[in-house]
Each structure stands twice: as C-alpha cells, then as structure tokens.
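File shown here: entry06.pdb, holding PDB, C-alpha atoms, pLDDT in the B column.
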ATOM      1  CA  MET A 116     -31.040 -23.979 122.231  1.00 87.00           C
ATOM      2  CA  LEU A 117     -27.796 -25.833 121.663  1.00 94.00           C
ATOM      3  CA  SER A 118     -24.567 -24.217 120.522  1.00 95.00           C
ATOM      4  CA  LEU A 119     -22.690 -25.408 117.431  1.00 95.00           C
ATOM      5  CA  VAL A 120     -20.217 -27.366 119.579  1.00 95.00           C
ATOM      6  CA  GLU A 121     -23.010 -28.878 121.672  1.00 96.00           C
ATOM      7  CA  GLU A 122     -24.821 -30.026 118.530  1.00 97.00           C
ATOM      8  CA  ASN A 123     -21.638 -31.673 117.262  1.00 95.00           C
ATOM      9  CA  TYR A 124     -21.196 -33.544 120.532  1.00 96.00           C
ATOM     10  CA  LEU A 125     -24.826 -34.635 120.614  1.00 96.00           C
ATOM     11  CA  LYS A 126     -24.696 -35.871 117.025  1.00 96.00           C
ATOM     12  CA  ALA A 127     -21.540 -37.862 117.762  1.00 95.00           C
ATOM     13  CA  ILE A 128     -23.102 -39.396 120.882  1.00 96.00           C
ATOM     14  CA  TYR A 129     -26.253 -40.278 118.930  1.00 96.00           C
ATOM     15  CA  HIS A 130     -24.243 -42.093 116.242  1.00 94.00           C
ATOM     16  CA  LEU A 131     -22.087 -43.892 118.817  1.00 95.00           C
ATOM     17  CA  SER A 132     -25.193 -44.987 120.723  1.00 93.00           C
ATOM     18  CA  GLU A 133     -26.617 -46.762 117.661  1.00 86.00           C
ATOM     19  CA  GLY A 134     -29.472 -44.337 117.321  1.00 85.00           C
ATOM     20  CA  GLY A 135     -29.914 -43.652 121.014  1.00 83.00           C
ATOM     21  CA  GLN A 136     -30.169 -47.298 122.045  1.00 84.00           C
ATOM     22  CA  ALA A 137     -26.890 -47.843 123.914  1.00 90.00           C
ATOM     23  CA  GLN A 138     -24.757 -46.254 126.611  1.00 93.00           C
ATOM     24  CA  VAL A 139     -21.636 -44.427 125.386  1.00 95.00           C
ATOM     25  CA  SER A 140     -18.385 -44.069 127.322  1.00 94.00           C
ATOM     26  CA  THR A 141     -16.493 -40.821 127.774  1.00 92.00           C
ATOM     27  CA  ASN A 142     -13.441 -42.305 126.051  1.00 93.00           C
ATOM     28  CA  ALA A 143     -15.494 -43.318 123.009  1.00 94.00           C
ATOM     29  CA  ILE A 144     -16.819 -39.773 122.704  1.00 95.00           C
ATOM     30  CA  ALA A 145     -13.305 -38.336 123.071  1.00 94.00           C
ATOM     31  CA  ASP A 146     -12.043 -40.606 120.276  1.00 94.00           C
ATOM     32  CA  ALA A 147     -14.930 -39.611 117.991  1.00 92.00           C
ATOM     33  CA  ILE A 148     -14.534 -35.878 118.630  1.00 92.00           C
ATOM     34  CA  HIS A 149     -10.710 -36.070 118.638  1.00 91.00           C
ATOM     35  CA  THR A 150     -10.362 -34.356 122.000  1.00 91.00           C
ATOM     36  CA  LYS A 151      -9.346 -35.116 125.589  1.00 90.00           C
ATOM     37  CA  PRO A 152     -11.637 -37.008 128.005  1.00 87.00           C
ATOM     38  CA  ALA A 153     -11.495 -34.031 130.409  1.00 88.00           C
ATOM     39  CA  SER A 154     -13.057 -31.787 127.750  1.00 90.00           C
ATOM     40  CA  VAL A 155     -15.727 -34.402 127.109  1.00 93.00           C
ATOM     41  CA  SER A 156     -16.572 -34.540 130.811  1.00 91.00           C
ATOM     42  CA  ASP A 157     -17.205 -30.793 130.877  1.00 92.00           C
ATOM     43  CA  MET A 158     -19.461 -30.986 127.817  1.00 95.00           C
ATOM     44  CA  ILE A 159     -21.355 -33.992 129.186  1.00 94.00           C
ATOM     45  CA  GLN A 160     -22.277 -31.962 132.249  1.00 93.00           C
ATOM     46  CA  LYS A 161     -23.601 -29.131 130.056  1.00 95.00           C
ATOM     47  CA  LEU A 162     -25.637 -31.504 127.878  1.00 96.00           C
ATOM     48  CA  ASP A 163     -26.956 -33.315 130.935  1.00 95.00           C
ATOM     49  CA  ARG A 164     -28.172 -30.025 132.390  1.00 95.00           C
ATOM     50  CA  LYS A 165     -29.970 -29.317 129.098  1.00 96.00           C
ATOM     51  CA  ARG A 166     -31.594 -32.774 129.380  1.00 96.00           C
ATOM     52  CA  VAL A 167     -30.530 -33.988 125.932  1.00 97.00           C
ATOM     53  CA  ILE A 168     -28.398 -36.719 127.475  1.00 96.00           C
ATOM     54  CA  GLN A 169     -28.442 -38.611 130.747  1.00 95.00           C
ATOM     55  CA  TYR A 170     -25.114 -39.334 132.419  1.00 93.00           C
ATOM     56  CA  THR A 171     -24.724 -42.178 134.903  1.00 90.00           C
ATOM     57  CA  LYS A 172     -21.407 -42.444 136.723  1.00 86.00           C
ATOM     58  CA  TYR A 173     -19.346 -45.517 135.742  1.00 82.00           C
ATOM     59  CA  GLN A 174     -21.947 -46.438 133.113  1.00 87.00           C
ATOM     60  CA  GLY A 175     -21.704 -43.662 130.550  1.00 91.00           C
ATOM     61  CA  VAL A 176     -24.054 -41.448 128.603  1.00 95.00           C
ATOM     62  CA  LYS A 177     -27.431 -42.160 127.077  1.00 95.00           C
ATOM     63  CA  VAL A 178     -29.387 -39.917 124.708  1.00 96.00           C
ATOM     64  CA  THR A 179     -32.759 -38.769 126.054  1.00 96.00           C
ATOM     65  CA  LYS A 180     -35.961 -38.475 123.990  1.00 95.00           C
ATOM     66  CA  GLU A 181     -35.329 -34.733 123.653  1.00 96.00           C
ATOM     67  CA  GLY A 182     -31.696 -35.387 122.710  1.00 96.00           C
ATOM     68  CA  LYS A 183     -32.679 -37.870 120.021  1.00 96.00           C
ATOM     69  CA  GLU A 184     -35.088 -35.360 118.502  1.00 96.00           C
ATOM     70  CA  ALA A 185     -32.409 -32.647 118.499  1.00 96.00           C
ATOM     71  CA  ALA A 186     -29.767 -34.957 117.004  1.00 97.00           C
ATOM     72  CA  LEU A 187     -32.094 -36.087 114.223  1.00 97.00           C
ATOM     73  CA  LYS A 188     -32.831 -32.475 113.275  1.00 97.00           C
ATOM     74  CA  VAL A 189     -29.103 -31.817 112.829  1.00 97.00           C
ATOM     75  CA  ILE A 190     -28.634 -35.050 110.875  1.00 97.00           C
ATOM     76  CA  ARG A 191     -31.610 -34.187 108.664  1.00 98.00           C
ATOM     77  CA  LYS A 192     -30.147 -30.776 107.844  1.00 98.00           C
ATOM     78  CA  HIS A 193     -26.686 -32.233 107.186  1.00 98.00           C
ATOM     79  CA  ARG A 194     -27.949 -34.842 104.737  1.00 98.00           C
ATOM     80  CA  LEU A 195     -30.301 -32.468 102.921  1.00 98.00           C
ATOM     81  CA  TRP A 196     -27.451 -30.019 102.426  1.00 98.00           C
ATOM     82  CA  GLU A 197     -25.277 -32.824 101.040  1.00 98.00           C
ATOM     83  CA  VAL A 198     -27.979 -33.589  98.463  1.00 98.00           C
ATOM     84  CA  PHE A 199     -28.192 -29.908  97.553  1.00 98.00           C
ATOM     85  CA  LEU A 200     -24.429 -29.586  97.162  1.00 98.00           C
ATOM     86  CA  VAL A 201     -24.217 -32.616  94.856  1.00 98.00           C
ATOM     87  CA  GLU A 202     -27.374 -32.100  92.817  1.00 98.00           C
ATOM     88  CA  GLN A 203     -27.422 -28.311  92.516  1.00 98.00           C
ATOM     89  CA  LEU A 204     -23.812 -27.154  92.911  1.00 98.00           C
ATOM     90  CA  ASN A 205     -22.070 -30.124  91.259  1.00 97.00           C
ATOM     91  CA  PHE A 206     -19.947 -31.103  94.243  1.00 98.00           C
ATOM     92  CA  ASN A 207     -18.535 -34.626  94.165  1.00 98.00           C
ATOM     93  CA  TRP A 208     -19.738 -36.981  96.906  1.00 97.00           C
ATOM     94  CA  ASP A 209     -16.286 -36.901  98.514  1.00 97.00           C
ATOM     95  CA  GLU A 210     -16.368 -33.086  98.830  1.00 97.00           C
ATOM     96  CA  VAL A 211     -19.638 -32.416 100.642  1.00 98.00           C
ATOM     97  CA  HIS A 212     -19.178 -33.560 104.245  1.00 96.00           C
ATOM     98  CA  ASP A 213     -17.125 -30.660 105.596  1.00 95.00           C
ATOM     99  CA  VAL A 214     -19.329 -28.050 103.923  1.00 97.00           C
ATOM    100  CA  ALA A 215     -22.496 -29.721 105.209  1.00 98.00           C
ATOM    101  CA  GLU A 216     -20.939 -29.781 108.701  1.00 96.00           C
ATOM    102  CA  GLN A 217     -21.059 -25.986 108.600  1.00 96.00           C
ATOM    103  CA  LEU A 218     -24.501 -25.660 107.025  1.00 97.00           C
ATOM    104  CA  GLU A 219     -26.184 -28.128 109.398  1.00 97.00           C
ATOM    105  CA  HIS A 220     -26.131 -25.590 112.228  1.00 96.00           C
ATOM    106  CA  ILE A 221     -28.430 -23.086 110.492  1.00 96.00           C
ATOM    107  CA  LYS A 222     -31.420 -22.721 112.808  1.00 94.00           C
ATOM    108  CA  SER A 223     -34.217 -21.742 110.382  1.00 96.00           C
ATOM    109  CA  PRO A 224     -36.873 -24.519 110.215  1.00 95.00           C
ATOM    110  CA  LEU A 225     -38.550 -22.717 107.293  1.00 97.00           C
ATOM    111  CA  LEU A 226     -35.328 -22.794 105.262  1.00 98.00           C
ATOM    112  CA  ILE A 227     -34.955 -26.553 105.791  1.00 97.00           C
ATOM    113  CA  GLU A 228     -38.633 -27.147 104.984  1.00 97.00           C
ATOM    114  CA  ARG A 229     -38.255 -25.288 101.701  1.00 98.00           C
ATOM    115  CA  LEU A 230     -34.913 -26.936 100.951  1.00 98.00           C
ATOM    116  CA  ASP A 231     -36.534 -30.351 101.384  1.00 98.00           C
ATOM    117  CA  ALA A 232     -39.400 -29.387  99.063  1.00 98.00           C
ATOM    118  CA  PHE A 233     -37.033 -27.856  96.484  1.00 98.00           C
ATOM    119  CA  LEU A 234     -35.053 -31.107  96.370  1.00 98.00           C
ATOM    120  CA  GLY A 235     -38.217 -33.198  95.956  1.00 98.00           C
ATOM    121  CA  HIS A 236     -38.154 -34.699  99.464  1.00 97.00           C
ATOM    122  CA  PRO A 237     -35.149 -37.013  98.954  1.00 97.00           C
ATOM    123  CA  LYS A 238     -35.029 -40.186 101.055  1.00 96.00           C
ATOM    124  CA  VAL A 239     -31.251 -40.677 101.091  1.00 97.00           C
ATOM    125  CA  ASP A 240     -28.140 -38.509 100.903  1.00 98.00           C
ATOM    126  CA  PRO A 241     -25.339 -38.906  98.308  1.00 97.00           C
ATOM    127  CA  HIS A 242     -23.758 -41.665 100.429  1.00 97.00           C
ATOM    128  CA  GLY A 243     -26.979 -43.649 100.753  1.00 97.00           C
ATOM    129  CA  ASP A 244     -27.669 -42.645 104.360  1.00 96.00           C
ATOM    130  CA  PRO A 245     -31.404 -42.231 105.056  1.00 96.00           C
ATOM    131  CA  ILE A 246     -32.670 -38.686 105.611  1.00 97.00           C
ATOM    132  CA  PRO A 247     -34.975 -38.278 108.634  1.00 97.00           C
ATOM    133  CA  ASP A 248     -38.285 -36.636 107.744  1.00 96.00           C
ATOM    134  CA  ALA A 249     -39.582 -33.507 109.483  1.00 94.00           C
ATOM    135  CA  GLN A 250     -40.915 -35.663 112.340  1.00 94.00           C
ATOM    136  CA  GLY A 251     -37.574 -37.444 112.784  1.00 93.00           C
ATOM    137  CA  VAL A 252     -38.763 -40.711 111.241  1.00 94.00           C
ATOM    138  CA  ILE A 253     -36.106 -42.691 109.366  1.00 92.00           C
ATOM    139  CA  ASN A 254     -37.191 -45.240 106.773  1.00 87.00           C
ATOM    140  CA  THR A 255     -34.555 -47.848 106.000  1.00 85.00           C
ATOM    141  CA  LYS A 256     -34.455 -50.807 103.629  1.00 84.00           C
ATOM    142  CA  PRO A 257     -32.658 -54.115 104.272  1.00 87.00           C
ATOM    143  CA  GLN A 258     -29.000 -53.878 103.288  1.00 95.00           C
ATOM    144  CA  LYS A 259     -25.933 -56.010 103.832  1.00 96.00           C
ATOM    145  CA  PRO A 260     -22.178 -55.539 103.341  1.00 97.00           C
ATOM    146  CA  LEU A 261     -20.989 -56.614  99.906  1.00 97.00           C
ATOM    147  CA  HIS A 262     -18.398 -59.009 101.374  1.00 96.00           C
ATOM    148  CA  GLN A 263     -21.207 -61.169 102.828  1.00 96.00           C
ATOM    149  CA  LEU A 264     -22.614 -62.071  99.411  1.00 96.00           C
ATOM    150  CA  ASP A 265     -22.118 -65.573  98.066  1.00 95.00           C
ATOM    151  CA  LEU A 266     -20.320 -66.432  94.850  1.00 96.00           C
ATOM    152  CA  GLY A 267     -22.532 -65.609  91.864  1.00 96.00           C
ATOM    153  CA  ALA A 268     -24.840 -63.335  93.844  1.00 97.00           C
ATOM    154  CA  GLU A 269     -26.107 -60.118  92.269  1.00 97.00           C
ATOM    155  CA  ALA A 270     -27.042 -56.897  94.067  1.00 98.00           C
ATOM    156  CA  ILE A 271     -27.406 -53.126  93.816  1.00 98.00           C
ATOM    157  CA  ILE A 272     -25.072 -50.736  95.666  1.00 98.00           C
ATOM    158  CA  ARG A 273     -27.271 -48.693  98.009  1.00 97.00           C
ATOM    159  CA  ALA A 274     -24.918 -47.007 100.496  1.00 97.00           C
ATOM    160  CA  VAL A 275     -21.416 -46.815 101.953  1.00 97.00           C
ATOM    161  CA  LYS A 276     -20.470 -47.320 105.602  1.00 95.00           C
ATOM    162  CA  ASP A 277     -17.229 -45.362 105.176  1.00 95.00           C
ATOM    163  CA  SER A 278     -17.906 -41.908 103.737  1.00 93.00           C
ATOM    164  CA  SER A 279     -14.351 -40.625 104.102  1.00 95.00           C
ATOM    165  CA  PRO A 280     -13.083 -38.740 101.034  1.00 96.00           C
ATOM    166  CA  ALA A 281     -10.270 -41.259 100.493  1.00 97.00           C
ATOM    167  CA  PHE A 282     -12.653 -44.216 100.386  1.00 97.00           C
ATOM    168  CA  LEU A 283     -15.124 -42.430  98.106  1.00 97.00           C
ATOM    169  CA  ARG A 284     -12.347 -41.485  95.694  1.00 97.00           C
ATOM    170  CA  HIS A 285     -11.245 -45.130  95.700  1.00 97.00           C
ATOM    171  CA  LEU A 286     -14.766 -46.184  94.714  1.00 97.00           C
ATOM    172  CA  ASP A 287     -14.721 -43.598  91.928  1.00 97.00           C
ATOM    173  CA  LYS A 288     -11.561 -45.236  90.566  1.00 96.00           C
ATOM    174  CA  LEU A 289     -13.256 -48.620  90.665  1.00 96.00           C
ATOM    175  CA  GLY A 290     -16.328 -47.275  88.897  1.00 96.00           C
ATOM    176  CA  ALA A 291     -18.556 -48.146  91.863  1.00 97.00           C
ATOM    177  CA  TYR A 292     -21.411 -45.776  92.670  1.00 97.00           C
ATOM    178  CA  LEU A 293     -24.845 -45.794  94.306  1.00 97.00           C
ATOM    179  CA  GLY A 294     -27.301 -47.630  92.089  1.00 97.00           C
ATOM    180  CA  ALA A 295     -24.643 -49.674  90.291  1.00 97.00           C
ATOM    181  CA  GLY A 296     -25.310 -53.363  89.782  1.00 97.00           C
ATOM    182  CA  VAL A 297     -22.666 -55.797  91.052  1.00 98.00           C
ATOM    183  CA  LYS A 298     -22.086 -59.523  90.629  1.00 97.00           C
ATOM    184  CA  ILE A 299     -19.672 -61.658  92.646  1.00 97.00           C
ATOM    185  CA  LEU A 300     -17.404 -63.475  90.171  1.00 97.00           C
ATOM    186  CA  GLU A 301     -14.774 -64.842  92.544  1.00 97.00           C
ATOM    187  CA  LYS A 302     -14.073 -64.968  96.304  1.00 96.00           C
ATOM    188  CA  GLU A 303     -10.677 -65.689  97.834  1.00 94.00           C
ATOM    189  CA  GLU A 304     -10.867 -68.036 100.811  1.00 90.00           C
ATOM    190  CA  PHE A 305      -7.605 -66.699 102.294  1.00 92.00           C
ATOM    191  CA  ASP A 306      -8.522 -63.028 102.774  1.00 92.00           C
ATOM    192  CA  ASN A 307     -12.131 -62.790 101.526  1.00 92.00           C
ATOM    193  CA  SER A 308     -11.110 -60.439  98.722  1.00 96.00           C
ATOM    194  CA  MET A 309     -13.356 -60.596  95.680  1.00 97.00           C
ATOM    195  CA  GLN A 310     -13.530 -60.164  91.961  1.00 98.00           C
ATOM    196  CA  ILE A 311     -16.726 -58.338  91.073  1.00 97.00           C
ATOM    197  CA  GLN A 312     -18.434 -57.178  87.919  1.00 97.00           C
ATOM    198  CA  ILE A 313     -19.969 -53.692  87.933  1.00 97.00           C
ATOM    199  CA  ASP A 314     -22.889 -52.895  85.634  1.00 96.00           C
ATOM    200  CA  GLN A 315     -22.285 -56.056  83.599  1.00 90.00           C
ATOM    201  CA  SER A 316     -19.085 -54.595  82.178  1.00 90.00           C
ATOM    202  CA  THR A 317     -16.215 -53.499  84.441  1.00 92.00           C
ATOM    203  CA  VAL A 318     -14.429 -56.301  86.321  1.00 96.00           C
ATOM    204  CA  VAL A 319     -12.343 -55.315  89.366  1.00 97.00           C
ATOM    205  CA  PHE A 320     -10.744 -56.887  92.435  1.00 97.00           C
ATOM    206  CA  ILE A 321     -11.676 -55.453  95.828  1.00 97.00           C
ATOM    207  CA  SER A 322     -10.263 -56.115  99.290  1.00 97.00           C
ATOM    208  CA  ASN A 323     -12.291 -57.470 102.187  1.00 96.00           C
ATOM    209  CA  GLU A 324     -12.159 -54.004 103.796  1.00 97.00           C
ATOM    210  CA  VAL A 325     -13.708 -52.407 100.720  1.00 97.00           C
ATOM    211  CA  GLY A 326     -16.371 -55.111 100.611  1.00 97.00           C
ATOM    212  CA  GLN A 327     -17.231 -54.479 104.254  1.00 97.00           C
ATOM    213  CA  ASN A 328     -17.859 -50.788 103.577  1.00 97.00           C
ATOM    214  CA  ILE A 329     -20.142 -51.125 100.548  1.00 98.00           C
ATOM    215  CA  LEU A 330     -23.778 -51.781 101.456  1.00 98.00           C
ATOM    216  CA  VAL A 331     -25.982 -53.529  98.933  1.00 98.00           C
ATOM    217  CA  GLN A 332     -29.520 -54.741  98.389  1.00 96.00           C
ATOM    218  CA  GLU A 333     -29.482 -58.257  97.007  1.00 94.00           C
ATOM    219  CA  ASN A 334     -31.516 -59.030  93.891  1.00 87.00           C
TER     220      ASN A 334
END

Kindly present the structure from the file in structure tokens form.
Amino acid sequence: MLSLVEENYLKAIYHLSEGGQAQVSTNAIADAIHTKPASVSDMIQKLDRKRVIQYTKYQGVKVTKEGKEAALKVIRKHRLWEVFLVEQLNFNWDEVHDVAEQLEHIKSPLLIERLDAFLGHPKVDPHGDPIPDAQGVINTKPQKPLHQLDLGAEAIIRAVKDSSPAFLRHLDKLGAYLGAGVKILEKEEFDNSMQIQIDQSTVVFISNEVGQNILVQEN
C-alpha cells in the first residue's frame, strides 16, 4: 500500500519518465513536486524499498513494472473523476484538476469499477488525455500539435498538452474546445503564430505557444 504522498511522487515520476520508459533525475522530480532535492531523496529510498521504482546512483530513477501498474491505477482514477465532475456536477474543465487530485487516492476498486460503468466507460478525460482501462491499457490515436499543420490544413481538436486553468480559460475565450474543427488560414513566418478558423465560423489569431499546446487529429 502506498500513502497519498507516495502515490503523488510515483505519478510524477511516471509522467516524467514518459510512461516508465526513461530514467528520471532527482532534480527533475524536485521541480515537478515543487520541493527540495533532499526531500526527494528520502522519498526515493522509501519507494525503492517498496519496489515501485528502481534507483541507480548517478543515473536516476526508473519505474518498475509494479510501479507502472500502481501509477496507472492512480491516473485512471484521476481521469475518471474529472469526467464525473464535468459531466455530472457541471464543473468547467479548468476547475477539475485539484478536486480530482484529492479523489484519486480513494482505495476502493469497486467504487472505481462502478464509476467507470456509470460514466459509460469513457476513453478520454475532459482534457483529451486517454483513460487507462482496468488492466492499465492505454489506447491512443495519432495526434500532432496544431502549430505543425500546414497552411490550409483542417483538423479536429482532440486534446491539450497544457491543462493549467489559465490556459484552459484562454481557450474558452478563443472558443476552442475538444471536438472543434479548425482550419489554418494564415501562418506567420517570423514567430509561427497563426490565424485559424474554428467550426467554420470564428476566426482568431493564436501564438506559437498556444499552437504547441493544442493537439489535433488531421482530417
């Protein structure tokens, strides 16, 4: 059994390791958790003893098979709760992360099984992130950042890389949302900013940074 804090560390390490594929440094973990490297070192030792990570001196941390399974269970719960909060309690997509951070630590497998069934077994959360199934399998579809599209290209917004409340509120102002159709009307050579059309009606300018953080599926 992992504590709430241990689960948070493991989830952060899993994300930093690109799904358990890469080694992660202590400093990278400290930056992600917003704490001191000394505190990270203490936690790494605890997680290593529980065999959810493997620590190699001077190389960093790698998630074990058991650690990956545990991290995916937490991620699954987090994303299911985000769907519930948006679809059933009318939260906005920029309001759900902190609440789901608390709910993801509920230990009852039966509750999560019934939550998944109640929601109709959703495949993605409100930000377009894929929801692992009960076996930890993640099904993803090919996506690319909006800023990589060529002039005249058309696509559907499928996800966001940046799910911070500020960025999501900015997208709300633009009228951009998951499932919206977009067309590239103009691209600036200087800074790669773009003029795009959303749902064949609204025309807006977006910065390169915004374009990098919107993931689309090209038509």

**Study point:** Residues selected by the PyMOL selection byres ((chain A and resi 116) around 12), written as a PyMOL selection string
**Key:** chain A and resi 117-122+161-162+165-167+181-182+185+220+222

Residues of range 161-249 of chain A within 8 Å of range 131-154 of chain A: nearest atom pair and distance (Å, one decimal) for each, counting only C-alpha atoms, sorted by chain and number, as CSV?
residue,atom,partner,partner_atom,distance
A:Gln174,CA,A:Gln138,CA,7.1
A:Gly175,CA,A:Ser140,CA,4.6
A:Val176,CA,A:Val139,CA,5.0
A:Lys177,CA,A:Gln138,CA,4.9
A:Val178,CA,A:Gly135,CA,5.3
A:Thr179,CA,A:Gly135,CA,7.6
A:Lys183,CA,A:Gly135,CA,6.5

Output C-alpha atoms for every residue in the selection just made, as a JSON list (two decimals), keeping the file's coordinate frame.
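To be explicit, this is the file written out as out_7.json:
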[["chain", "number", "residue", "atom", "x", "y", "z"],
["A", 174, "GLN", "CA", -21.95, -46.44, 133.11],
["A", 175, "GLY", "CA", -21.70, -43.66, 130.55],
["A", 176, "VAL", "CA", -24.05, -41.45, 128.60],
["A", 177, "LYS", "CA", -27.43, -42.16, 127.08],
["A", 178, "VAL", "CA", -29.39, -39.92, 124.71],
["A", 179, "THR", "CA", -32.76, -38.77, 126.05],
["A", 183, "LYS", "CA", -32.68, -37.87, 120.02]]

Practice item. Counting only C-alpha atoms, select every polymer residue within 12 Å of (-14.5, -46.9, 100.4) as defined in the file's coordinates, and provide the selection as number ranges by chain. Key: A: 208-209, 242, 260-261, 274-292, 321-330

Exercise for review: Can you pull out every residue within 6 Å of Gly296 in chain A, counting only C-alpha atoms, but drop anything in the same chain fewer than 3 positions away, and send it as a list in words?
Suggested key: Ala270, Ile271, Ile313 and Asp314 of chain A

Those residues with C-alpha atoms, as an mmCIF file, keeping the file's coordinate frame please?
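New file part06.cif:
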data_model
loop_
_atom_site.group_PDB
_atom_site.id
_atom_site.type_symbol
_atom_site.label_atom_id
_atom_site.label_comp_id
_atom_site.auth_asym_id
_atom_site.auth_seq_id
_atom_site.Cartn_x
_atom_site.Cartn_y
_atom_site.Cartn_z
ATOM 1 C CA ALA A 270 -27.042 -56.897 94.067
ATOM 2 C CA ILE A 271 -27.406 -53.126 93.816
ATOM 3 C CA ILE A 313 -19.969 -53.692 87.933
ATOM 4 C CA ASP A 314 -22.889 -52.895 85.634
#

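Minimum atom-to-atom distances from A:Tyr173, A:Tyr129, A:Phe233, A:Tyr124 to Asp157 in chain A were compared using only C-alpha atoms, and the lowest value belongs to A:Tyr124.
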
Practice item. Find the residues around Ala249 in chain A up to 12 Å (all atoms listed in the file counted), leave out those fewer than 6 positions away in its own chain, and share them as number ranges by chain. Key: A: 184-185, 187-192, 195, 224-225, 227-232, 236-238

Would you put the residues from that selection into a file with C-alpha atoms, as a PDB file, keeping the file's coordinate frame?
ATOM      1  CA  GLU A 184     -35.088 -35.360 118.502  1.00 96.00           C
ATOM      2  CA  ALA A 185     -32.409 -32.647 118.499  1.00 96.00           C
ATOM      3  CA  LEU A 187     -32.094 -36.087 114.223  1.00 97.00           C
ATOM      4  CA  LYS A 188     -32.831 -32.475 113.275  1.00 97.00           C
ATOM      5  CA  VAL A 189     -29.103 -31.817 112.829  1.00 97.00           C
ATOM      6  CA  ILE A 190     -28.634 -35.050 110.875  1.00 97.00           C
ATOM      7  CA  ARG A 191     -31.610 -34.187 108.664  1.00 98.00           C
ATOM      8  CA  LYS A 192     -30.147 -30.776 107.844  1.00 98.00           C
ATOM      9  CA  LEU A 195     -30.301 -32.468 102.921  1.00 98.00           C
ATOM     10  CA  PRO A 224     -36.873 -24.519 110.215  1.00 95.00           C
ATOM     11  CA  LEU A 225     -38.550 -22.717 107.293  1.00 97.00           C
ATOM     12  CA  ILE A 227     -34.955 -26.553 105.791  1.00 97.00           C
ATOM     13  CA  GLU A 228     -38.633 -27.147 104.984  1.00 97.00           C
ATOM     14  CA  ARG A 229     -38.255 -25.288 101.701  1.00 98.00           C
ATOM     15  CA  LEU A 230     -34.913 -26.936 100.951  1.00 98.00           C
ATOM     16  CA  ASP A 231     -36.534 -30.351 101.384  1.00 98.00           C
ATOM     17  CA  ALA A 232     -39.400 -29.387  99.063  1.00 98.00           C
ATOM     18  CA  HIS A 236     -38.154 -34.699  99.464  1.00 97.00           C
ATOM     19  CA  PRO A 237     -35.149 -37.013  98.954  1.00 97.00           C
ATOM     20  CA  LYS A 238     -35.029 -40.186 101.055  1.00 96.00           C
TER      21      LYS A 238
END

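Of note, CA of Asp306 in chain A and CA of Glu333 in chain A are spaced 22.3 Å apart.
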
Practice item. Write out as a PyMOL selection string which residues come within 8 Å of Gln160 in chain A when counting only C-alpha atoms, dropping same-chain ones fewer than 4 positions away. Key: chain A and resi 156+164+170

Point to revise | A:Val319, A:Ala215, A:Leu226, A:Ile299 ranked by distance to Leu264 in chain A, top pick (using all atoms listed in the file) | key: A:Ile299

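The two atoms in question, CA of Val331 in chain A and CA of Arg194 in chain A, are spaced 19.7 Å apart.
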
Since the input has fewer atoms than a full residue there, write range 162-173 of chain A out with N, CA and C atoms, as a compact mmCIF listing (two decimals), in the frame of the given file.
# COMPACT_ATOMS: atom_id res chain seq x y z
N LEU A 162 -24.55 -30.84 128.60
CA LEU A 162 -25.64 -31.50 127.88
C LEU A 162 -26.61 -32.18 128.83
N ASP A 163 -26.09 -32.69 129.94
CA ASP A 163 -26.96 -33.32 130.94
C ASP A 163 -27.89 -32.27 131.55
N ARG A 164 -27.34 -31.09 131.82
CA ARG A 164 -28.17 -30.02 132.39
C ARG A 164 -29.26 -29.58 131.41
N LYS A 165 -28.97 -29.68 130.11
CA LYS A 165 -29.97 -29.32 129.10
C LYS A 165 -30.91 -30.48 128.77
N ARG A 166 -30.71 -31.61 129.44
CA ARG A 166 -31.59 -32.77 129.38
C ARG A 166 -31.65 -33.43 128.00
N VAL A 167 -30.59 -33.28 127.22
CA VAL A 167 -30.53 -33.99 125.93
C VAL A 167 -29.76 -35.30 126.06
N ILE A 168 -29.03 -35.45 127.15
CA ILE A 168 -28.40 -36.72 127.48
C ILE A 168 -28.60 -36.99 128.96
N GLN A 169 -28.40 -38.24 129.34
CA GLN A 169 -28.44 -38.61 130.75
C GLN A 169 -27.13 -39.31 131.08
N TYR A 170 -26.41 -38.77 132.04
CA TYR A 170 -25.11 -39.33 132.42
C TYR A 170 -25.25 -40.11 133.73
N THR A 171 -24.75 -41.34 133.71
CA THR A 171 -24.72 -42.18 134.90
C THR A 171 -23.27 -42.55 135.19
N LYS A 172 -22.80 -42.20 136.37
CA LYS A 172 -21.41 -42.44 136.72
C LYS A 172 -21.06 -43.92 136.58
N TYR A 173 -19.89 -44.18 135.97
CA TYR A 173 -19.35 -45.52 135.74
C TYR A 173 -20.12 -46.31 134.67
